[in-house]
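*Asks:* Here it is: the structure, laid out below.
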Amino acid sequence: MSNQVKTSISTKEAPAAIGPYSQAVRSGDMLFTSGQIGLDPATGQLAPGGITEQTKRVLENIKAVLAQAGFDMVHVVKTTVYLKSMSDFAAMNEVYAKYLAPEGVVPPARSTVAVAGLPKDALVEIEVIAKESAEG
């Protein structure tokens, strides 16, 4: 497989990948992000607070990775949300809607699952798929 098929995307505005993965990979007009947890890229620590603060930090990290590749939130066509507890769903959803489903924007398709645990004991992890022209 030629290395030209995909390009690694990286920004210091989001937590660095720790391990054999990229923050995101671009392939043609598609961008696939790795899951982001609520780590502050400046401190390497989880955002203080609860699910609301961590979800905001996750989405800010995703926004930074998308921007590095020339995308923004309106280009997101699919998300996968991992929650430590489904009891956090409503609070996560409230923040998520502000970033990914503002008035007049078609919200992306989404899957949300509860998991036994997340890295650094995070409350939420989100990954996205974006397409350069969400209409096409």
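Here's how to read the names in the structure tokens: chain A, B, ... by the order shown, residue numbers from 1 in each chain, ligand numbers from 1 in the order shown.
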Excluding stretch 22-25 of chain A and residues on its chain fewer than 2 positions from it, collect all residues at most 7 Å away from it, counting only C-alpha atoms, and give them as a list in words.

*Replies:*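 The residues that qualify are Lys6, Thr7, Ser8, Ile9, Ser10, Ala17, Ser27, Leu31, Phe32, Thr33 and Ser34 of chain A.
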
*Asks:* Can you list, as JSON, numbers by chain, every residue of stretch 25-136 of chain A that DSSP puts in helix (DSSP H, G or I)?

*Replies:* {"A": [51, 52, 53, 54, 55, 56, 57, 58, 59, 60, 61, 62, 63, 64, 65, 66, 67, 68, 73, 74, 75, 86, 87, 88, 89, 90, 91, 92, 93, 94, 95, 96, 97, 98, 99, 100, 119, 120, 121]}

*Asks:* Quick one: everything within 12 Å of A:Thr43, counting only C-alpha atoms, minus sequence neighbours fewer than 2 positions away in the same chain. Send it as a ChimeraX atom specification.

*Replies:* /A:12-16,38-41,45-48

*Asks:* Go ahead and write the residues just picked, N, CA and C atoms, as a PDB file, in the first residue's frame.

*Replies:*
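Heads up, here's the output in out00.pdb:
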```pdb
ATOM      1  N   LYS A  12      -0.343  20.976  17.691  1.00  0.00           N
ATOM      2  CA  LYS A  12      -0.029  21.149  19.108  1.00  0.00           C
ATOM      3  C   LYS A  12      -1.217  21.726  19.878  1.00  0.00           C
ATOM      4  N   GLU A  13      -2.270  22.102  19.156  1.00  0.00           N
ATOM      5  CA  GLU A  13      -3.471  22.654  19.767  1.00  0.00           C
ATOM      6  C   GLU A  13      -4.390  21.564  20.330  1.00  0.00           C
ATOM      7  N   ALA A  14      -3.984  20.306  20.158  1.00  0.00           N
ATOM      8  CA  ALA A  14      -4.702  19.162  20.725  1.00  0.00           C
ATOM      9  C   ALA A  14      -3.650  18.243  21.342  1.00  0.00           C
ATOM     10  N   PRO A  15      -4.055  17.384  22.283  1.00  0.00           N
ATOM     11  CA  PRO A  15      -3.083  16.490  22.912  1.00  0.00           C
ATOM     12  C   PRO A  15      -2.356  15.627  21.875  1.00  0.00           C
ATOM     13  N   ALA A  16      -1.062  15.472  22.055  1.00  0.00           N
ATOM     14  CA  ALA A  16      -0.245  14.657  21.147  1.00  0.00           C
ATOM     15  C   ALA A  16      -0.654  13.194  21.235  1.00  0.00           C
ATOM     16  N   GLY A  38     -10.846  14.568  27.169  1.00  0.00           N
ATOM     17  CA  GLY A  38     -10.800  15.949  27.620  1.00  0.00           C
ATOM     18  C   GLY A  38      -9.481  16.419  28.166  1.00  0.00           C
ATOM     19  N   LEU A  39      -8.375  16.051  27.520  1.00  0.00           N
ATOM     20  CA  LEU A  39      -7.054  16.508  27.967  1.00  0.00           C
ATOM     21  C   LEU A  39      -6.784  17.919  27.469  1.00  0.00           C
ATOM     22  N   ASP A  40      -6.293  18.749  28.354  1.00  0.00           N
ATOM     23  CA  ASP A  40      -5.842  20.084  27.986  1.00  0.00           C
ATOM     24  C   ASP A  40      -4.471  19.919  27.327  1.00  0.00           C
ATOM     25  N   PRO A  41      -4.306  20.359  26.074  1.00  0.00           N
ATOM     26  CA  PRO A  41      -3.026  20.157  25.395  1.00  0.00           C
ATOM     27  C   PRO A  41      -1.867  20.901  26.064  1.00  0.00           C
ATOM     28  N   GLN A  45      -3.388  17.383  31.348  1.00  0.00           N
ATOM     29  CA  GLN A  45      -4.314  16.921  32.389  1.00  0.00           C
ATOM     30  C   GLN A  45      -5.753  17.008  31.885  1.00  0.00           C
ATOM     31  N   LEU A  46      -6.619  16.158  32.459  1.00  0.00           N
ATOM     32  CA  LEU A  46      -8.036  16.240  32.131  1.00  0.00           C
ATOM     33  C   LEU A  46      -8.590  17.590  32.563  1.00  0.00           C
ATOM     34  N   ALA A  47      -9.513  18.113  31.776  1.00  0.00           N
ATOM     35  CA  ALA A  47     -10.176  19.366  32.127  1.00  0.00           C
ATOM     36  C   ALA A  47     -10.818  19.202  33.500  1.00  0.00           C
ATOM     37  N   PRO A  48     -10.584  20.153  34.401  1.00  0.00           N
ATOM     38  CA  PRO A  48     -11.202  20.053  35.722  1.00  0.00           C
ATOM     39  C   PRO A  48     -12.714  20.212  35.622  1.00  0.00           C
TER      40      PRO A  48
END
```

*Asks:* Distance table requested - stretch 71-135 of chain A against stretch 50-60 of chain A, cut-off 7 Å, only C-alpha atoms: one row per qualifying residue with the closest atom pair and its distance in Å to one decimal, ordered by chain and rising residue number, as a Markdown table.

*Replies:*
```
| residue | atom | partner | partner_atom | distance |
| --- | --- | --- | --- | --- |
| A:Asp88 | CA | A:Ile51 | CA | 6.5 |
| A:Ala91 | CA | A:Thr52 | CA | 6.0 |
| A:Met92 | CA | A:Thr52 | CA | 6.0 |
| A:Val95 | CA | A:Lys56 | CA | 6.4 |
| A:Leu123 | CA | A:Ile51 | CA | 6.1 |
| A:Val124 | CA | A:Thr55 | CA | 6.5 |
| A:Ile126 | CA | A:Val58 | CA | 6.9 |
```

*Asks:* Using atom CA of A:Asn61 and atom CA of A:Gly35 as the two end points, give the distance in Å to one decimal.

*Replies:*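 Spanning atom CA of A:Asn61 to atom CA of A:Gly35 is a straight-line distance of 9.9 Å.
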
*Asks:* For A:Ala109, work out the shell of residues within 7 Å, counting only C-alpha atoms and skipping chain neighbours fewer than 5 positions away, then give it as a VMD selection string.

*Replies:* chain A and resid 77 to 79

*Asks:* Could you take the residues named above and write them with C-alpha atoms, as a tab-separated table (two decimals), in the first residue's frame?

*Replies:*
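File produced: again.tsv:
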```
chain	number	residue	atom	x	y	z
A	77	VAL	CA	-20.56	13.62	8.87
A	78	LYS	CA	-20.24	10.91	11.57
A	79	THR	CA	-19.31	10.79	15.23
```

*Asks:* Compare A:Arg26, A:Lys120, A:His75, A:Lys63 by their minimum atom-to-atom distance to A:Glu132, counting only C-alpha atoms, and give me the closest one.

*Replies:*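 The answer is A:His75, which sits nearest to A:Glu132.
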